[in-house]
file my_file-v1.cif (mmCIF, C-alpha atoms (C1' of nucleotides))
data_entry
#
loop_
_atom_site.group_PDB
_atom_site.id
_atom_site.type_symbol
_atom_site.label_atom_id
_atom_site.label_comp_id
_atom_site.auth_asym_id
_atom_site.auth_seq_id
_atom_site.Cartn_x
_atom_site.Cartn_y
_atom_site.Cartn_z
ATOM 1 C CA MET N 21 0.000 0.000 0.000
ATOM 2 C CA SER N 22 1.659 3.146 1.126
ATOM 3 C CA ASN N 23 5.046 2.156 -0.024
ATOM 4 C CA GLY N 24 5.783 5.401 -1.728
ATOM 5 C CA GLU N 25 4.497 4.302 -5.102
ATOM 6 C CA VAL N 26 3.405 7.046 -7.389
ATOM 7 C CA ALA N 27 1.192 6.923 -10.444
ATOM 8 C CA PRO N 28 2.870 6.912 -13.839
ATOM 9 C CA ASN N 29 3.907 10.337 -14.995
ATOM 10 C CA ASN N 30 5.816 11.861 -17.893
ATOM 11 C CA THR N 31 8.340 13.068 -15.394
ATOM 12 C CA ILE N 32 10.902 11.075 -13.491
ATOM 13 C CA TYR N 33 11.877 12.395 -10.100
ATOM 14 C CA ILE N 34 15.456 11.541 -9.236
ATOM 15 C CA ASN N 35 17.144 11.789 -5.915
ATOM 16 C CA ASN N 36 20.298 10.573 -4.249
ATOM 17 C CA LEU N 37 22.208 12.539 -6.838
ATOM 18 C CA ASN N 38 25.695 13.701 -6.050
ATOM 19 C CA GLU N 39 25.232 17.162 -4.619
ATOM 20 C CA LYS N 40 28.708 18.310 -5.447
ATOM 21 C CA ILE N 41 28.051 18.295 -9.143
ATOM 22 C CA LYS N 42 27.181 21.648 -10.606
ATOM 23 C CA LEU N 43 23.639 21.842 -11.875
ATOM 24 C CA ASP N 44 24.547 22.673 -15.405
ATOM 25 C CA GLU N 45 26.702 19.632 -15.745
ATOM 26 C CA LEU N 46 24.270 17.444 -13.888
ATOM 27 C CA LYS N 47 21.415 18.356 -16.143
ATOM 28 C CA LYS N 48 23.433 17.791 -19.280
ATOM 29 C CA THR N 49 24.589 14.454 -18.035
ATOM 30 C CA LEU N 50 21.111 13.319 -17.106
ATOM 31 C CA LYS N 51 19.902 14.359 -20.484
ATOM 32 C CA SER N 52 22.573 12.462 -22.321
ATOM 33 C CA ILE N 53 22.033 9.352 -20.261
ATOM 34 C CA PHE N 54 18.249 9.360 -20.569
ATOM 35 C CA GLN N 55 17.746 10.574 -24.088
ATOM 36 C CA GLN N 56 18.007 7.063 -25.424
ATOM 37 C CA PHE N 57 14.649 6.293 -23.813
ATOM 38 C CA GLY N 58 12.721 8.955 -25.649
ATOM 39 C CA ASN N 59 12.329 12.626 -26.311
ATOM 40 C CA ILE N 60 13.106 14.767 -23.284
ATOM 41 C CA LEU N 61 11.238 18.023 -22.980
ATOM 42 C CA GLU N 62 13.073 19.394 -19.991
ATOM 43 C CA VAL N 63 15.506 18.598 -17.225
ATOM 44 C CA LEU N 64 15.125 20.581 -14.031
ATOM 45 C CA ALA N 65 17.267 20.800 -10.941
ATOM 46 C CA PHE N 66 17.581 23.432 -8.276
ATOM 47 C CA LYS N 67 20.212 24.446 -5.857
ATOM 48 C CA THR N 68 18.081 25.351 -2.877
ATOM 49 C CA LEU N 69 18.779 23.245 0.150
ATOM 50 C CA LYS N 70 15.406 21.631 -0.056
ATOM 51 C CA HIS N 71 16.109 20.449 -3.566
ATOM 52 C CA LYS N 72 19.717 19.460 -3.515
ATOM 53 C CA GLY N 73 20.533 16.097 -4.952
ATOM 54 C CA GLN N 74 17.293 15.972 -6.903
ATOM 55 C CA ALA N 75 16.228 16.463 -10.479
ATOM 56 C CA TRP N 76 13.230 16.124 -12.738
ATOM 57 C CA VAL N 77 13.442 14.720 -16.218
ATOM 58 C CA VAL N 78 10.351 15.353 -18.307
ATOM 59 C CA PHE N 79 9.664 12.983 -21.174
ATOM 60 C CA GLU N 80 7.320 13.584 -24.020
ATOM 61 C CA ASP N 81 5.823 10.125 -23.473
ATOM 62 C CA VAL N 82 4.945 8.369 -20.261
ATOM 63 C CA SER N 83 6.199 5.118 -21.759
ATOM 64 C CA SER N 84 9.695 6.553 -21.943
ATOM 65 C CA ALA N 85 9.549 7.450 -18.279
ATOM 66 C CA THR N 86 8.355 3.968 -17.468
ATOM 67 C CA ASN N 87 11.259 2.399 -19.303
ATOM 68 C CA VAL N 88 13.709 4.651 -17.545
ATOM 69 C CA LEU N 89 12.257 3.646 -14.243
ATOM 70 C CA ARG N 90 12.647 -0.026 -14.986
ATOM 71 C CA GLN N 91 16.014 0.062 -16.619
ATOM 72 C CA MET N 92 17.935 2.797 -14.895
ATOM 73 C CA GLN N 93 16.942 2.329 -11.292
ATOM 74 C CA GLY N 94 20.089 2.466 -9.208
ATOM 75 C CA PHE N 95 22.333 3.384 -12.113
ATOM 76 C CA PRO N 96 25.515 4.813 -10.596
ATOM 77 C CA LEU N 97 26.060 8.403 -11.556
ATOM 78 C CA TYR N 98 28.930 10.404 -10.158
ATOM 79 C CA ASP N 99 29.568 7.665 -7.678
ATOM 80 C CA LYS N 100 26.016 7.393 -6.369
ATOM 81 C CA PRO N 101 23.195 5.107 -7.400
ATOM 82 C CA MET N 102 20.282 7.150 -8.679
ATOM 83 C CA LYS N 103 16.891 6.662 -7.070
ATOM 84 C CA LEU N 104 14.108 7.041 -9.555
ATOM 85 C CA GLN N 105 10.385 7.562 -9.108
ATOM 86 C CA TYR N 106 7.580 9.019 -11.114
ATOM 87 C CA ALA N 107 7.102 12.639 -10.154
ATOM 88 C CA LYS N 108 4.132 13.251 -7.911
ATOM 89 C CA THR N 109 2.604 15.954 -10.026
ATOM 90 C CA LYS N 110 2.454 16.902 -13.645
ATOM 91 C CA SER N 111 5.217 19.097 -14.958
ATOM 92 C CA ASP N 112 4.346 22.524 -16.260
ATOM 93 C CA VAL N 113 5.550 21.782 -19.775
ATOM 94 C CA ILE N 114 3.169 18.855 -19.901
ATOM 95 C CA ALA N 115 0.304 20.841 -18.439
ATOM 96 C CA LYS N 116 0.907 23.549 -20.971
ATOM 97 C CA ALA N 117 0.722 21.028 -23.761
ATOM 98 C CA ASP N 118 -2.415 19.622 -22.120
ATOM 99 C CA GLY N 119 -4.093 22.921 -21.787
ATOM 100 C CA THR N 120 -4.407 22.252 -18.064
ATOM 101 C CA PHE N 121 -1.699 24.609 -16.956
ATOM 102 C CA VAL N 122 -2.563 27.039 -14.192
ATOM 103 C CA PRO N 123 -0.052 29.760 -13.474
ATOM 104 C CA ARG N 124 1.464 29.345 -10.082
ATOM 105 C CA GLU N 125 0.545 32.703 -8.604
ATOM 106 C CA LYS N 126 -3.145 32.162 -9.114
ATOM 107 C CA ARG N 127 -3.128 28.638 -7.897
ATOM 108 C CA LYS N 128 -3.823 29.460 -4.255
ATOM 109 C CA LYS N 129 -7.060 31.130 -5.142
ATOM 110 C CA HIS N 130 -9.066 28.571 -3.191
ATOM 111 C CA ASP N 131 -9.921 30.376 0.010
ATOM 112 C CA GLU N 132 -9.833 33.880 -1.108
ATOM 113 C CA ARG N 133 -10.992 35.178 2.217
ATOM 114 C CA ALA N 134 -9.422 32.689 4.575
ATOM 115 C CA ASP N 135 -5.892 33.694 3.909
ATOM 116 C CA ARG N 136 -6.187 37.262 2.828
ATOM 117 C CA LYS N 137 -4.421 38.543 5.928
ATOM 118 C CA ARG N 138 -1.470 36.303 5.450
ATOM 119 C CA ARG N 139 0.880 38.609 3.768
ATOM 120 C CA GLU N 140 4.398 37.537 3.340
ATOM 121 C CA GLN N 141 5.680 37.412 6.868
ATOM 122 C CA HIS N 142 8.528 35.207 5.906
ATOM 123 C CA GLN N 143 11.550 35.542 8.037
ATOM 124 C CA ASP N 144 13.740 36.194 5.086
ATOM 125 C CA ALA N 145 16.194 33.881 6.631
ATOM 126 C CA SER N 146 18.886 34.644 4.171
ATOM 127 C CA GLN N 147 20.393 31.289 3.793
ATOM 128 C CA SER N 148 23.552 32.192 2.136
ATOM 129 C CA MET N 149 23.614 29.314 -0.216
ATOM 130 C CA GLY N 150 24.558 31.258 -3.229
ATOM 131 C CA LEU N 151 27.659 30.369 -5.039
ATOM 132 C CA ASN N 152 29.308 27.525 -3.405
ATOM 133 C CA ALA N 153 31.228 25.674 -5.996
ATOM 134 C CA PRO N 154 32.999 22.923 -4.137
ATOM 135 C CA TYR N 155 34.966 22.059 -7.197
ATOM 136 C CA SER N 156 34.764 22.760 -10.809
ATOM 137 C CA GLY N 157 35.339 19.497 -12.535
ATOM 138 C CA PRO N 158 33.002 19.315 -15.469
ATOM 139 C CA TYR N 159 31.953 15.765 -15.532
ATOM 140 C CA GLY N 160 32.480 14.651 -11.997
ATOM 141 C CA ALA N 161 34.386 11.735 -10.704
ATOM 142 C CA ALA N 162 34.458 8.622 -12.735
ATOM 143 C CA VAL N 163 31.774 6.222 -11.695
ATOM 144 C CA PRO N 164 33.101 2.989 -10.281
ATOM 145 C CA LEU N 165 31.352 0.595 -12.402
ATOM 146 C CA PRO N 166 29.774 -2.671 -11.906
ATOM 147 C CA TYR N 167 28.546 -1.245 -8.669
ATOM 148 C CA LEU N 168 28.839 -4.461 -6.770
ATOM 149 C CA GLY N 169 28.177 -4.642 -3.122
ATOM 150 C CA GLY N 170 29.655 -1.521 -1.654
ATOM 151 C CA VAL N 171 33.354 -1.692 -2.077
ATOM 152 C CA LYS N 172 34.252 1.362 -4.000
ATOM 153 C CA PRO N 173 37.485 2.265 -5.649
ATOM 154 C CA VAL N 174 39.052 5.467 -4.478
ATOM 155 C CA PRO N 175 37.031 8.505 -5.395
ATOM 156 C CA GLU N 176 38.691 9.966 -8.385
ATOM 157 C CA ALA N 177 39.343 13.616 -8.817
ATOM 158 C CA PRO N 178 37.133 15.134 -11.470
ATOM 159 C CA ALA N 179 38.933 15.699 -14.706
ATOM 160 C CA PRO N 180 38.785 18.989 -16.592
ATOM 161 C CA PRO N 181 37.808 18.988 -20.275
ATOM 162 C CA ASN N 182 40.149 17.025 -22.415
ATOM 163 C CA LYS N 183 40.259 16.061 -26.044
ATOM 164 C CA ILE N 184 40.828 12.530 -24.807
ATOM 165 C CA LEU N 185 37.843 10.690 -23.384
ATOM 166 C CA PHE N 186 37.901 7.856 -20.917
ATOM 167 C CA PHE N 187 35.363 5.102 -21.593
ATOM 168 C CA GLU N 188 34.375 2.671 -18.866
ATOM 169 C CA ASN N 189 31.900 -0.117 -18.508
ATOM 170 C CA LEU N 190 32.371 -1.481 -21.997
ATOM 171 C CA PRO N 191 31.572 -5.158 -22.458
ATOM 172 C CA HIS N 192 34.853 -6.929 -21.928
ATOM 173 C CA GLU N 193 34.789 -8.478 -25.327
ATOM 174 C CA THR N 194 34.664 -5.098 -27.028
ATOM 175 C CA THR N 195 37.427 -4.646 -29.584
ATOM 176 C CA PRO N 196 38.994 -1.361 -30.662
ATOM 177 C CA GLY N 197 37.572 -1.976 -34.113
ATOM 178 C CA GLN N 198 34.022 -2.179 -32.822
ATOM 179 C CA LEU N 199 34.451 0.979 -30.869
ATOM 180 C CA GLN N 200 36.013 2.718 -33.812
ATOM 181 C CA ILE N 201 32.955 2.040 -35.922
ATOM 182 C CA VAL N 202 30.815 3.871 -33.415
ATOM 183 C CA LEU N 203 33.277 6.700 -32.925
ATOM 184 C CA SER N 204 34.034 7.317 -36.569
ATOM 185 C CA HIS N 205 30.703 9.072 -36.917
ATOM 186 C CA TYR N 206 31.852 11.882 -34.682
ATOM 187 C CA HIS N 207 33.700 14.836 -36.013
ATOM 188 C CA GLY N 208 37.326 15.043 -35.060
ATOM 189 C CA PHE N 209 37.693 11.406 -34.014
ATOM 190 C CA LYS N 210 41.361 10.445 -34.139
ATOM 191 C CA GLU N 211 42.003 7.141 -32.457
ATOM 192 C CA VAL N 212 40.966 4.665 -29.850
ATOM 193 C CA ARG N 213 43.368 2.956 -27.483
ATOM 194 C CA MET N 214 42.551 -0.045 -25.373
ATOM 195 C CA ILE N 215 44.652 -1.956 -22.925
ATOM 196 C CA ASP N 216 44.595 -5.727 -23.017
ATOM 197 C CA ALA N 217 45.285 -5.986 -19.339
ATOM 198 C CA LYS N 218 42.302 -3.788 -18.569
ATOM 199 C CA PRO N 219 39.227 -4.904 -20.419
ATOM 200 C CA GLY N 220 36.188 -2.664 -20.400
ATOM 201 C CA ILE N 221 37.948 0.644 -20.723
ATOM 202 C CA ALA N 222 39.253 2.710 -23.592
ATOM 203 C CA PHE N 223 40.909 6.031 -24.303
ATOM 204 C CA VAL N 224 39.486 7.893 -27.248
ATOM 205 C CA GLU N 225 41.200 10.862 -28.773
ATOM 206 C CA PHE N 226 39.623 13.727 -30.703
ATOM 207 C CA GLY N 227 41.087 16.747 -32.400
ATOM 208 C CA ASP N 228 40.033 19.118 -29.655
ATOM 209 C CA GLU N 229 37.912 19.484 -26.549
ATOM 210 C CA MET N 230 34.873 20.721 -28.378
ATOM 211 C CA GLN N 231 34.786 17.606 -30.488
ATOM 212 C CA SER N 232 35.375 15.264 -27.600
ATOM 213 C CA THR N 233 32.642 16.998 -25.613
ATOM 214 C CA VAL N 234 30.102 16.627 -28.385
ATOM 215 C CA ALA N 235 30.884 12.938 -28.711
ATOM 216 C CA MET N 236 30.776 12.414 -24.969
ATOM 217 C CA GLN N 237 27.368 13.950 -24.631
ATOM 218 C CA ALA N 238 25.995 12.083 -27.580
ATOM 219 C CA LEU N 239 27.345 8.728 -26.505
ATOM 220 C CA GLN N 240 26.976 8.947 -22.753
ATOM 221 C CA GLY N 241 25.181 5.880 -21.456
ATOM 222 C CA PHE N 242 25.015 4.048 -24.760
ATOM 223 C CA LYS N 243 25.185 0.291 -25.034
ATOM 224 C CA MET N 244 27.666 -1.396 -27.315
ATOM 225 C CA THR N 245 25.068 -3.975 -28.257
ATOM 226 C CA PRO N 246 21.330 -4.095 -27.720
ATOM 227 C CA GLN N 247 21.723 -6.985 -25.343
ATOM 228 C CA ALA N 248 24.554 -5.454 -23.397
ATOM 229 C CA GLN N 249 23.708 -4.920 -19.759
ATOM 230 C CA ASN N 250 26.087 -2.142 -19.086
ATOM 231 C CA GLN N 251 25.796 1.368 -20.279
ATOM 232 C CA VAL N 252 29.027 2.977 -21.156
ATOM 233 C CA LEU N 253 30.261 5.763 -18.946
ATOM 234 C CA ILE N 254 32.360 8.469 -20.505
ATOM 235 C CA THR N 255 34.445 11.053 -18.716
ATOM 236 C CA TYR N 256 37.301 13.264 -19.723
ATOM 237 C CA ALA N 257 40.599 11.493 -19.361
ATOM 238 C CA LYS N 258 42.928 12.790 -16.727
ATOM 239 C CA LYS N 259 45.735 14.803 -18.143
ATOM 240 C "C1'" DA Q 29 15.695 12.955 3.387
ATOM 241 C "C1'" DG Q 30 14.168 16.373 0.614
ATOM 242 C "C1'" DC Q 31 8.502 16.650 -5.412
ATOM 243 C "C1'" DA Q 32 9.686 21.816 -8.874
ATOM 244 C "C1'" DC Q 33 8.535 24.490 -12.745
ATOM 245 C "C1'" DA Q 34 15.839 29.512 -12.889
#

call {"tool": "encode", "arguments": {"input": "my_file-v1.cif", "output": "structure tokens"}}
result
Amino acid sequence: MSNGEVAPNNTIYINNLNEKIKLDELKKTLKSIFQQFGNILEVLAFKTLKHKGQAWVVFEDVSSATNVLRQMQGFPLYDKPMKLQYAKTKSDVIAKADGTFVPREKRKKHDERADRKRREQHQDASQSMGLNAPYSGPYGAAVPLPYLGGVKPVPEAPAPPNKILFFENLPHETTPGQLQIVLSHYHGFKEVRMIDAKPGIAFVEFGDEMQSTVAMQALQGFKMTPQAQNQVLITYAKK
DNA sequence: AGCACA
């Protein structure tokens, strides 16, 4: 019964996100990981203390959200397994498309007389939570992959943009040739290097950081084969 | 833990 289940919704509510990641990056990353499930209308995240570590991903179709929920539950992102639920309420973009959107200011028009005296007596408790940027790594620490039982590798320092990308979580049987086929579609692709002693990872070089960034965002979370379990994680290589 | 509409 009251186990926290929520009715299907276009929007996925995510929590247990790594709060150290800057919102811009977080939103981009979520988008690139989830876009494979369907068209995303919006990704929202806020920095207020009440909303840290949370995000909303709005899909055009409920079925996309449902697939995300089934397939990506617990997916480790920036070192933390994501917790996914349907959002409790309809997102504004959806309501606007519906024609059911009610602007927020007018929404409390229920008891027009009951609360008329309640003018904003907020304490203005200026929570100085403005610009704390704990660190500025763009893509966050590499995610330790198979996410088995709790033992984590050392937290890696976040790497700044780099024309070389670091791929993890590849199926171990992946060959450089297979990867090259995928990568050759991206502008500026130069070469892929794999290490026999370390299956599942690869270094991929592009002409510059712009090109590597485009490829990273396009390929983030992809699967080498349809039946592959693991979704590939891509970060900038450490310099 | 925490469900918004920057």

call {"tool": "resolve_selection", "arguments": {"input": "my_file-v1.cif", "expression": "the PyMOL selection byres ((chain N) within 12 of (chain Q))", "output": "PyMOL selection string"}}
result
chain N and resi 26+31-37+43-44+62-78+104-116+121-124

call {"tool": "atom_distance", "arguments": {"input": "my_file-v1.cif", "atom1": "CA of Gln247 (chain N)", "atom2": "CA of Phe79 (chain N)"}}
result
23.7 Å

call {"tool": "atom_distance", "arguments": {"input": "my_file-v1.cif", "atom1": "CA of Lys100 (chain N)", "atom2": "CA of Ala248 (chain N)"}}
result
21.4 Å

call {"tool": "residues_around", "arguments": {"input": "my_file-v1.cif", "residues": "Thr245 (chain N)", "least_positions_apart": "4", "cutoff": "10 Å", "atoms": "only C-alpha atoms (C1' of nucleotides)", "output": "ChimeraX atom specification"}}
result
/N:190-191,194,249-251

call {"tool": "write_last_selection", "arguments": {"input": "my_file-v1.cif", "atoms": "C-alpha atoms", "output": "PDB file, keeping the file's coordinate frame"}}
result
ATOM      1  CA  LEU N 190      32.371  -1.481 -21.997  1.00  0.00           C
ATOM      2  CA  PRO N 191      31.572  -5.158 -22.458  1.00  0.00           C
ATOM      3  CA  THR N 194      34.664  -5.098 -27.028  1.00  0.00           C
ATOM      4  CA  GLN N 249      23.708  -4.920 -19.759  1.00  0.00           C
ATOM      5  CA  ASN N 250      26.087  -2.142 -19.086  1.00  0.00           C
ATOM      6  CA  GLN N 251      25.796   1.368 -20.279  1.00  0.00           C
TER       7      GLN N 251
END

call {"tool": "atom_distance", "arguments": {"input": "my_file-v1.cif", "atom1": "CA of Arg213 (chain N)", "atom2": "CA of Glu45 (chain N)"}}
result
26.3 Å

call {"tool": "axis_aligned_box", "arguments": {"input": "my_file-v1.cif", "around": "chain Q", "padding_each_side": "6 Å", "output": "AutoDock Vina command-line options"}}
result
--center_x 12.2 --center_y 21.2 --center_z -4.8 --size_x 19.3 --size_y 28.6 --size_z 28.3

call {"tool": "resolve_selection", "arguments": {"input": "my_file-v1.cif", "expression": "the PyMOL selection byres ((chain N and resi 192) around 10)", "output": "list in words"}}
result
Asn189, Leu190, Pro191, Glu193, Thr194, Thr195, Asp216, Lys218, Pro219, Gly220 and Ile221 of chain N

call {"tool": "closest_residue", "arguments": {"input": "my_file-v1.cif", "among": "N:Ser83, N:Asn182, N:Thr120, N:Asn59", "to": "Ala235 (chain N)", "atoms": "all atoms listed in the file"}}
result
N:Asn182

call {"tool": "resolve_selection", "arguments": {"input": "my_file-v1.cif", "expression": "the PyMOL selection byres ((chain N and resi 234) around 12)", "output": "JSON, numbers by chain"}}
result
{"N": [48, 49, 52, 181, 182, 183, 185, 203, 205, 206, 207, 208, 209, 226, 227, 228, 229, 230, 231, 232, 233, 235, 236, 237, 238, 239, 240, 254, 255, 256]}

call {"tool": "decode", "arguments": {"input": "my_file-v1.cif", "residues": "region 92-104 of chain N", "atoms": "N, CA, C and O atoms", "output": "short mmCIF file (atom, residue, chain, number, x, y, z; two decimals), in the first residue's frame"}}
result
data_model
loop_
_atom_site.label_atom_id
_atom_site.label_comp_id
_atom_site.auth_asym_id
_atom_site.auth_seq_id
_atom_site.Cartn_x
_atom_site.Cartn_y
_atom_site.Cartn_z
N MET N 92 16.84 1.97 -15.42
CA MET N 92 17.94 2.80 -14.89
C MET N 92 17.91 2.94 -13.38
O MET N 92 18.71 3.68 -12.82
N GLN N 93 17.01 2.26 -12.75
CA GLN N 93 16.94 2.33 -11.29
C GLN N 93 18.29 1.94 -10.70
O GLN N 93 18.83 0.89 -11.01
N GLY N 94 18.83 2.79 -9.87
CA GLY N 94 20.09 2.47 -9.21
C GLY N 94 21.33 2.66 -10.06
O GLY N 94 22.44 2.37 -9.63
N PHE N 95 21.16 3.17 -11.26
CA PHE N 95 22.33 3.38 -12.11
C PHE N 95 23.30 4.35 -11.43
O PHE N 95 22.90 5.41 -10.96
N PRO N 96 24.57 3.96 -11.32
CA PRO N 96 25.51 4.81 -10.60
C PRO N 96 25.94 6.01 -11.42
O PRO N 96 26.47 5.88 -12.52
N LEU N 97 25.68 7.17 -10.88
CA LEU N 97 26.06 8.40 -11.56
C LEU N 97 26.88 9.24 -10.58
O LEU N 97 26.44 9.48 -9.47
N TYR N 98 28.03 9.65 -11.03
CA TYR N 98 28.93 10.40 -10.16
C TYR N 98 29.08 9.70 -8.81
O TYR N 98 28.92 10.32 -7.76
N ASP N 99 29.26 8.42 -8.89
CA ASP N 99 29.57 7.67 -7.68
C ASP N 99 28.38 7.35 -6.78
O ASP N 99 28.55 6.82 -5.69
N LYS N 100 27.18 7.68 -7.21
CA LYS N 100 26.02 7.39 -6.37
C LYS N 100 24.91 6.76 -7.20
O LYS N 100 24.62 7.23 -8.30
N PRO N 101 24.30 5.72 -6.66
CA PRO N 101 23.19 5.11 -7.40
C PRO N 101 21.97 6.02 -7.40
O PRO N 101 21.50 6.44 -6.35
N MET N 102 21.46 6.29 -8.57
CA MET N 102 20.28 7.15 -8.68
C MET N 102 19.05 6.44 -8.15
O MET N 102 18.85 5.25 -8.37
N LYS N 103 18.19 7.19 -7.48
CA LYS N 103 16.89 6.66 -7.07
C LYS N 103 15.83 7.33 -7.94
O LYS N 103 15.73 8.55 -7.97
N LEU N 104 15.08 6.52 -8.58
CA LEU N 104 14.11 7.04 -9.56
C LEU N 104 12.68 6.75 -9.12
O LEU N 104 12.38 5.66 -8.63
#
